[in-house]
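*Asks:* My questions all concern the structure below.
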Amino acid sequence: MRKTILLLGVLFATTAFAQEQLSDLIVRKYIGFPSFRTEDEVNRYIWFTRSFYGEFYDVGLSILPKSGGAGREILVKRPGQAKNQFFCLLACYEDNQSVISIYDYYTDDTYNICYNALPKDAEKYVWSPTTVFSVPIDKRITFESVGVTSPDKRKAGVVIFQMQFNTSNLQSAHMLSFDENGLKWEHPIDFDFENKTLKLLDIAIDDNADIYTALISFNPKEEGDREIYENETLHFYQCGQYGEQNTVEEPVEFGHISSSKLLITKDNRLALGGYYATAPDEKETGCYIATSLPSLNRIHLNLQEFPASYYAYQHSATKQSAKDFNAYTIDFLEFSDSSLVLLGEMQTLHRGIELQTAGGPILVHFADKTGEFNDFKTINKNQCVVGHSSSPTGLRSRMFSYYAMMYQDKIHLFFHDNCQNYNGETDKHTFISERVFGVGLDYDNVCAAHCTINSKHDISRPEMLMNYQEHKCYMIEPLFITPEGLILCRSDKVSNRIAKLKHTF
């Protein structure tokens, strides 16, 4: 009896400490996930969106005073949204007075781009979008639009591709650049490439509002049951305010580029990092970084084949080896000394009782400022989640993959892990599934883990940051690292909240 009382006392003390460590800032009135976050001297802002058939519409803005006062939220209510216009959020940015959203939407006969400025001191959402770009709809043409925010979060860009329906043949393209006054410039783009089939890799916009794109062009071909990209070519393209356009290309002779992230470095280099395979339907065999000066006079390529240590990996739950996994690009970051780190994710499918997506270690590729590789390391992580995703980030809301944040010149990584790995065990996996009865995910024996990477290639030993069973909730996504702790989105399976977790980083 005495042992039972002691045990209950320990459990009560642990729970009380956990509750004291985690404090709620906002109990949200809507479902959604963060798509844009920024901060000024007074407040922090988080824009939430929901996915609808692969596109995103905004649902609310959360505002957190840095003074520690009560947070508030502004709900998005748009008249007529459910009738004949669906506004898909492409990008957000800010000025001193407003948080600004850029959307695309269709009418019966036009494709349109518009923006809406929401004053930071507003009490409710004011829906008064300004349409700044329109083109007629042709049933033989489909639109692909991508938005991006500048590093200073004061500019945004949109690239629009008009593609022939059911093919990837480009018909026309446009670039739009936005600043505090709305649309800054718009220019049609002539991608006059030898190959007519294009694939967009990524886009970026600098603090001067110049827009950059990274693309591959190729001629598709099938050899038996294999897909081949003949004459695959990498292209960098830049457009500025006055319509000046620069381009450079480089043949992809080392295989097929499968995924990429585009980065504008502090010294104004263009850097593209990602993975390559021998063919489009093959597993990745290495990592690449392509760099260029803004003048785009040449592309410098650096390659890093996966070492033997990569292929030695075996998933602790599914027993699949590295050759069964694809490698995906997650993030591309720069330290203050201009050295680079490209972060990746391993992912594959596993057919057990249910179809599962399995995730492996975090891949860490180090390079100098020119993109030349100088190290490769991994951070152990074994995850399984019921369901199928074509990319790691598609399952992040289900506690899959990881998040990377730069703070005080260190990369901070947050991921979900098995609690046993911090209680003397090793290589235990996390398994996430929907509860058959009740609401939310089953996160028993799962925790949030944290580690850091510095410019000297040191990776700290992962530590348990948040035991979900003790806190009776799980982390959906980290938002801001502060001197007092981590501001995050969390769920208790009934409601979604913004909270602060006390921790010294």
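Here's how to read the names in the structure tokens: chain A, B, ... by the order shown, residue numbers from 1 in each chain, ligand numbers from 1 in the order shown.
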Which residues of stretch 60-164 of chain A sit at most 6 Å from stretch 27-45 of chain A, using only C-alpha atoms? Give each one's shortest atom pair and distance in Å (one decimal place), in chain and ascending residue order, as a Markdown table.

*Replies:*
```
| residue | atom | partner | partner_atom | distance |
| --- | --- | --- | --- | --- |
| A:Ser62 | CA | A:Tyr45 | CA | 5.8 |
| A:Ile63 | CA | A:Tyr45 | CA | 4.8 |
| A:Leu64 | CA | A:Arg44 | CA | 5.0 |
| A:Pro65 | CA | A:Asn43 | CA | 4.4 |
| A:Lys66 | CA | A:Asn43 | CA | 5.3 |
```

*Asks:* What's around A:Gly60 at 6 Å? Count only C-alpha atoms, leave out sequence neighbours fewer than 5 positions away in its own chain, and write the answer as a list in words.

*Replies:* Phe48, Ile74, Leu75 and Val76 of chain A

*Asks:* Write a file of the selected residues as a JSON list (two decimals), in the first residue's frame, keeping all heavy atoms.

*Replies:*
```json
[["chain", "number", "residue", "atom", "x", "y", "z"],
["A", 48, "PHE", "N", -2.25, 30.60, -40.30],
["A", 48, "PHE", "CA", -2.64, 29.20, -40.39],
["A", 48, "PHE", "C", -3.45, 28.94, -41.66],
["A", 48, "PHE", "O", -4.26, 29.76, -42.08],
["A", 48, "PHE", "CB", -3.48, 28.80, -39.17],
["A", 48, "PHE", "CG", -2.68, 28.65, -37.91],
["A", 48, "PHE", "CD1", -2.45, 29.74, -37.07],
["A", 48, "PHE", "CD2", -2.13, 27.42, -37.57],
["A", 48, "PHE", "CE1", -1.72, 29.60, -35.91],
["A", 48, "PHE", "CE2", -1.38, 27.27, -36.40],
["A", 48, "PHE", "CZ", -1.18, 28.37, -35.58],
["A", 74, "ILE", "N", -7.33, 36.22, -35.22],
["A", 74, "ILE", "CA", -8.27, 36.82, -36.16],
["A", 74, "ILE", "C", -8.71, 35.73, -37.13],
["A", 74, "ILE", "O", -7.88, 35.14, -37.82],
["A", 74, "ILE", "CB", -7.63, 37.99, -36.93],
["A", 74, "ILE", "CG1", -7.12, 39.06, -35.95],
["A", 74, "ILE", "CG2", -8.60, 38.59, -37.92],
["A", 74, "ILE", "CD1", -6.35, 40.18, -36.63],
["A", 75, "LEU", "N", -10.00, 35.43, -37.15],
["A", 75, "LEU", "CA", -10.52, 34.39, -38.03],
["A", 75, "LEU", "C", -10.77, 34.94, -39.42],
["A", 75, "LEU", "O", -11.16, 36.09, -39.59],
["A", 75, "LEU", "CB", -11.83, 33.82, -37.46],
["A", 75, "LEU", "CG", -11.76, 33.22, -36.06],
["A", 75, "LEU", "CD1", -13.12, 32.65, -35.68],
["A", 75, "LEU", "CD2", -10.69, 32.15, -35.99],
["A", 76, "VAL", "N", -10.53, 34.12, -40.42],
["A", 76, "VAL", "CA", -10.76, 34.50, -41.81],
["A", 76, "VAL", "C", -12.16, 34.08, -42.21],
["A", 76, "VAL", "O", -12.50, 32.90, -42.15],
["A", 76, "VAL", "CB", -9.72, 33.86, -42.74],
["A", 76, "VAL", "CG1", -10.02, 34.18, -44.19],
["A", 76, "VAL", "CG2", -8.32, 34.33, -42.38]]
```

*Asks:* Pick out the closest residue to A:Gln314 from this set: A:His429, A:His174, A:Arg396, A:Lys139. Count only C-alpha atoms.

*Replies:*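 Closest to A:Gln314 of all the choices is A:His429.
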
*Asks:* Between atom CA of A:Glu180 and atom CA of A:Ser98, what distance in Å does the model show, to one decimal?

*Replies:* 8.7 Å

*Asks:* Output as a PyMOL selection string all residues of stretch 405-493 of chain A that backbone DSSP marks as strand (DSSP E).

*Replies:* chain A and resi 405-407+410-418+430-432+446-453+463-467+474-482+485-491

*Asks:* Please identify all polymer residues within 7 Å of A:Leu363, counting only C-alpha atoms, omitting same-chain residues fewer than 4 positions from it, and present them as an MDAnalysis selection string.

*Replies:* chainID A and resid 343:345 377:379

*Asks:* Would you mind exporting N, CA, C and O atoms of the selected residues as a compact mmCIF listing (two decimals), in the first residue's frame?

*Replies:*
```txt
# COMPACT_ATOMS: atom_id res chain seq x y z
N LEU A 343 19.89 19.38 -45.52
CA LEU A 343 19.26 18.37 -44.66
C LEU A 343 18.30 17.52 -45.47
O LEU A 343 17.51 18.05 -46.27
N GLY A 344 18.35 16.21 -45.25
CA GLY A 344 17.50 15.31 -46.00
C GLY A 344 16.75 14.34 -45.11
O GLY A 344 16.92 14.31 -43.88
N GLU A 345 15.93 13.53 -45.75
CA GLU A 345 15.06 12.56 -45.06
C GLU A 345 15.01 11.28 -45.89
O GLU A 345 14.94 11.33 -47.13
N LYS A 377 26.99 13.33 -42.21
CA LYS A 377 26.64 12.66 -40.96
C LYS A 377 25.15 12.34 -40.97
O LYS A 377 24.38 12.90 -41.76
N THR A 378 24.76 11.45 -40.07
CA THR A 378 23.34 11.11 -39.92
C THR A 378 22.95 11.22 -38.45
O THR A 378 23.80 11.09 -37.56
N ILE A 379 21.67 11.47 -38.22
CA ILE A 379 21.10 11.52 -36.87
C ILE A 379 20.03 10.44 -36.80
O ILE A 379 19.07 10.46 -37.59
```

*Asks:* Using atom CA of A:Leu200 and atom CA of A:Ala404 as the two end points, give the distance in Å to one decimal.

*Replies:*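 Those two atoms sit 23.5 Å apart.
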
*Asks:* I'd like to know which of A:Lys155, A:His471, A:His187, A:Lys266 is closest to A:Ile102, using only C-alpha atoms.

*Replies:* A:Lys155

*Asks:* Excluding A:Val159 and any residue of its chain fewer than 5 positions from it, enumerate the residues within 7 Å of it, using only C-alpha atoms, and give them as a PyMOL selection string.

*Replies:* chain A and resi 145-147+174-176

*Asks:* Excluding A:Thr142 and residues on its chain fewer than 3 positions from it, collect all residues at most 7 Å away from it, counting only C-alpha atoms, and give them as a ChimeraX atom specification.

*Replies:* /A:162-165

*Asks:* I'd like the neighbourhood of A:Pro220 as a ChimeraX atom specification, where a residue qualifies if any of its atoms comes within 7 Å (using only C-alpha atoms), though same-chain residues fewer than 5 positions away should be ignored.

*Replies:* /A:228-230

*Asks:* Go ahead and write the selection's residues with all heavy atoms as a tab-separated table (two decimals), in the first residue's frame.

*Replies:*
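Saved as result10.tsv:
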```tsv
chain	number	residue	atom	x	y	z
A	228	ILE	N	13.03	7.45	-68.82
A	228	ILE	CA	14.31	8.10	-69.04
A	228	ILE	C	14.07	9.58	-69.37
A	228	ILE	O	13.12	9.92	-70.07
A	228	ILE	CB	15.08	7.45	-70.22
A	228	ILE	CG1	15.28	5.95	-69.95
A	228	ILE	CG2	16.42	8.13	-70.44
A	228	ILE	CD1	16.15	5.65	-68.76
A	229	TYR	N	14.91	10.44	-68.80
A	229	TYR	CA	14.90	11.86	-69.16
A	229	TYR	C	16.10	12.10	-70.08
A	229	TYR	O	17.22	12.26	-69.60
A	229	TYR	CB	15.01	12.75	-67.92
A	229	TYR	CG	13.76	12.86	-67.09
A	229	TYR	CD1	12.64	12.06	-67.33
A	229	TYR	CD2	13.69	13.75	-66.03
A	229	TYR	CE1	11.51	12.15	-66.56
A	229	TYR	CE2	12.56	13.86	-65.24
A	229	TYR	CZ	11.47	13.05	-65.51
A	229	TYR	OH	10.34	13.15	-64.73
A	230	GLU	N	15.88	12.15	-71.37
A	230	GLU	CA	16.97	12.40	-72.29
A	230	GLU	C	17.35	13.88	-72.29
A	230	GLU	O	16.48	14.75	-72.22
A	230	GLU	CB	16.58	11.98	-73.71
A	230	GLU	CG	16.64	10.48	-73.95
A	230	GLU	CD	16.54	10.13	-75.42
A	230	GLU	OE1	15.99	10.96	-76.18
A	230	GLU	OE2	17.01	9.05	-75.80
```

*Asks:* From the options A:Ser101, A:Ser391, A:Asn268, A:Gln408, which residue's atoms come nearest to A:Ile453, counting only C-alpha atoms?

*Replies:*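 Of A:Ser101, A:Ser391, A:Asn268, A:Gln408, the one nearest A:Ile453 is A:Gln408, counting only C-alpha atoms.
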
*Asks:* From the set A:Leu340, A:Ile46, A:Ala448, A:Leu479, which residue has the shortest atom-to-atom contact distance to A:Thr370, counting only C-alpha atoms?

*Replies:*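 Selected residue with least distance to A:Thr370: A:Leu340.
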
*Asks:* Measure the distance from atom CA of A:Val341 to atom CA of A:Leu486 in Å and round it to one decimal.

*Replies:*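 Pair atom CA of A:Val341 / atom CA of A:Leu486 returns 22.8 Å.
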
*Asks:* With a cut-off of 12 Å, could you pull out the residues of stretch 276-351 of chain A touching stretch 237-261 of chain A and give me the nearest pair of atoms for each, distance in Å to one decimal, using only C-alpha atoms, ordered by chain and ascending number, as JSON lines?

*Replies:*
```
{"residue": "A:Tyr276", "atom": "CA", "partner": "A:Ile257", "partner_atom": "CA", "distance": 4.4}
{"residue": "A:Ala277", "atom": "CA", "partner": "A:His256", "partner_atom": "CA", "distance": 5.1}
{"residue": "A:Thr278", "atom": "CA", "partner": "A:Gly255", "partner_atom": "CA", "distance": 4.5}
{"residue": "A:Ala279", "atom": "CA", "partner": "A:His256", "partner_atom": "CA", "distance": 5.3}
{"residue": "A:Pro280", "atom": "CA", "partner": "A:His256", "partner_atom": "CA", "distance": 6.1}
{"residue": "A:Asp281", "atom": "CA", "partner": "A:His256", "partner_atom": "CA", "distance": 9.4}
{"residue": "A:Glu282", "atom": "CA", "partner": "A:His256", "partner_atom": "CA", "distance": 9.1}
{"residue": "A:Lys283", "atom": "CA", "partner": "A:Ser258", "partner_atom": "CA", "distance": 9.3}
{"residue": "A:Glu284", "atom": "CA", "partner": "A:Ser258", "partner_atom": "CA", "distance": 7.7}
{"residue": "A:Thr285", "atom": "CA", "partner": "A:Gly255", "partner_atom": "CA", "distance": 9.3}
{"residue": "A:Gly286", "atom": "CA", "partner": "A:Gly255", "partner_atom": "CA", "distance": 9.7}
{"residue": "A:Cys287", "atom": "CA", "partner": "A:Ile257", "partner_atom": "CA", "distance": 9.2}
{"residue": "A:Tyr288", "atom": "CA", "partner": "A:Ile257", "partner_atom": "CA", "distance": 8.7}
{"residue": "A:Ile289", "atom": "CA", "partner": "A:Ser260", "partner_atom": "CA", "distance": 9.1}
{"residue": "A:Ala290", "atom": "CA", "partner": "A:Glu250", "partner_atom": "CA", "distance": 9.5}
{"residue": "A:Thr291", "atom": "CA", "partner": "A:Glu250", "partner_atom": "CA", "distance": 11.1}
{"residue": "A:Ser292", "atom": "CA", "partner": "A:Val248", "partner_atom": "CA", "distance": 9.0}
{"residue": "A:Leu293", "atom": "CA", "partner": "A:Val248", "partner_atom": "CA", "distance": 10.5}
{"residue": "A:Pro294", "atom": "CA", "partner": "A:Gln238", "partner_atom": "CA", "distance": 8.1}
{"residue": "A:Ser295", "atom": "CA", "partner": "A:Asn246", "partner_atom": "CA", "distance": 7.2}
{"residue": "A:Leu296", "atom": "CA", "partner": "A:Val248", "partner_atom": "CA", "distance": 5.6}
{"residue": "A:Asn297", "atom": "CA", "partner": "A:Val248", "partner_atom": "CA", "distance": 6.2}
{"residue": "A:Arg298", "atom": "CA", "partner": "A:Val248", "partner_atom": "CA", "distance": 6.1}
{"residue": "A:Ile299", "atom": "CA", "partner": "A:Glu250", "partner_atom": "CA", "distance": 6.4}
{"residue": "A:His300", "atom": "CA", "partner": "A:Glu250", "partner_atom": "CA", "distance": 8.7}
{"residue": "A:Leu301", "atom": "CA", "partner": "A:Glu250", "partner_atom": "CA", "distance": 8.8}
{"residue": "A:Asn302", "atom": "CA", "partner": "A:Phe254", "partner_atom": "CA", "distance": 10.4}
{"residue": "A:Leu303", "atom": "CA", "partner": "A:Phe254", "partner_atom": "CA", "distance": 8.5}
{"residue": "A:Gln304", "atom": "CA", "partner": "A:Phe254", "partner_atom": "CA", "distance": 10.8}
{"residue": "A:Glu305", "atom": "CA", "partner": "A:Phe254", "partner_atom": "CA", "distance": 10.5}
{"residue": "A:Asn326", "atom": "CA", "partner": "A:Ser258", "partner_atom": "CA", "distance": 9.6}
{"residue": "A:Ala327", "atom": "CA", "partner": "A:Ser259", "partner_atom": "CA", "distance": 8.5}
{"residue": "A:Tyr328", "atom": "CA", "partner": "A:Ser259", "partner_atom": "CA", "distance": 6.2}
{"residue": "A:Thr329", "atom": "CA", "partner": "A:Ser260", "partner_atom": "CA", "distance": 5.9}
{"residue": "A:Ile330", "atom": "CA", "partner": "A:Lys261", "partner_atom": "CA", "distance": 7.7}
{"residue": "A:Asp331", "atom": "CA", "partner": "A:Lys261", "partner_atom": "CA", "distance": 6.7}
{"residue": "A:Phe332", "atom": "CA", "partner": "A:Lys261", "partner_atom": "CA", "distance": 6.2}
{"residue": "A:Leu333", "atom": "CA", "partner": "A:Lys261", "partner_atom": "CA", "distance": 9.6}
{"residue": "A:Val341", "atom": "CA", "partner": "A:Lys261", "partner_atom": "CA", "distance": 11.4}
{"residue": "A:Leu342", "atom": "CA", "partner": "A:Lys261", "partner_atom": "CA", "distance": 8.6}
{"residue": "A:Leu343", "atom": "CA", "partner": "A:Lys261", "partner_atom": "CA", "distance": 9.8}
{"residue": "A:Gly344", "atom": "CA", "partner": "A:Ser259", "partner_atom": "CA", "distance": 10.0}
{"residue": "A:Glu345", "atom": "CA", "partner": "A:Ser259", "partner_atom": "CA", "distance": 11.2}
```

*Asks:* Once you have the residues from the selection above, write them out as an mmCIF file, in the first residue's frame, restricted to C-alpha atoms.

*Replies:*
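The resulting file, again.cif, is reproduced below:
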```cif
data_model
loop_
_atom_site.group_PDB
_atom_site.id
_atom_site.type_symbol
_atom_site.label_atom_id
_atom_site.label_comp_id
_atom_site.auth_asym_id
_atom_site.auth_seq_id
_atom_site.Cartn_x
_atom_site.Cartn_y
_atom_site.Cartn_z
ATOM 1 C CA TYR A 276 20.052 12.622 -57.623
ATOM 2 C CA ALA A 277 19.353 9.114 -58.904
ATOM 3 C CA THR A 278 20.493 7.177 -61.951
ATOM 4 C CA ALA A 279 16.992 7.498 -63.478
ATOM 5 C CA PRO A 280 13.594 9.004 -62.498
ATOM 6 C CA ASP A 281 12.255 5.673 -61.231
ATOM 7 C CA GLU A 282 15.383 4.705 -59.269
ATOM 8 C CA LYS A 283 16.417 5.304 -55.652
ATOM 9 C CA GLU A 284 18.741 8.219 -54.946
ATOM 10 C CA THR A 285 22.463 7.475 -54.840
ATOM 11 C CA GLY A 286 23.912 10.831 -53.817
ATOM 12 C CA CYS A 287 23.600 14.526 -53.103
ATOM 13 C CA TYR A 288 24.522 17.547 -55.234
ATOM 14 C CA ILE A 289 24.977 21.297 -54.768
ATOM 15 C CA ALA A 290 24.950 23.652 -57.773
ATOM 16 C CA THR A 291 26.131 27.232 -57.220
ATOM 17 C CA SER A 292 26.325 30.394 -59.298
ATOM 18 C CA LEU A 293 26.885 34.121 -58.869
ATOM 19 C CA PRO A 294 23.839 36.393 -59.474
ATOM 20 C CA SER A 295 25.292 37.235 -62.890
ATOM 21 C CA LEU A 296 24.467 33.623 -63.809
ATOM 22 C CA ASN A 297 27.490 33.261 -66.082
ATOM 23 C CA ARG A 298 28.101 29.610 -65.115
ATOM 24 C CA ILE A 299 26.914 26.793 -62.831
ATOM 25 C CA HIS A 300 29.439 25.064 -60.589
ATOM 26 C CA LEU A 301 28.472 21.485 -59.636
ATOM 27 C CA ASN A 302 29.580 19.490 -56.592
ATOM 28 C CA LEU A 303 28.593 15.856 -56.038
ATOM 29 C CA GLN A 304 28.632 13.611 -52.976
ATOM 30 C CA GLU A 305 27.851 9.916 -53.398
ATOM 31 C CA ASN A 326 14.234 7.335 -51.276
ATOM 32 C CA ALA A 327 16.098 10.445 -50.129
ATOM 33 C CA TYR A 328 14.168 13.743 -49.990
ATOM 34 C CA THR A 329 15.460 17.290 -49.564
ATOM 35 C CA ILE A 330 14.035 18.943 -46.428
ATOM 36 C CA ASP A 331 16.025 22.141 -45.851
ATOM 37 C CA PHE A 332 19.028 24.112 -47.111
ATOM 38 C CA LEU A 333 20.604 26.458 -44.550
ATOM 39 C CA VAL A 341 24.172 22.459 -44.625
ATOM 40 C CA LEU A 342 21.700 20.472 -46.685
ATOM 41 C CA LEU A 343 19.259 18.375 -44.663
ATOM 42 C CA GLY A 344 17.500 15.307 -45.995
ATOM 43 C CA GLU A 345 15.064 12.558 -45.065
#
```

*Asks:* Between A:Leu355, A:Val385, A:Asp427, A:Met405, single out the one closest to A:Tyr313, counting only C-alpha atoms.

*Replies:* A:Asp427
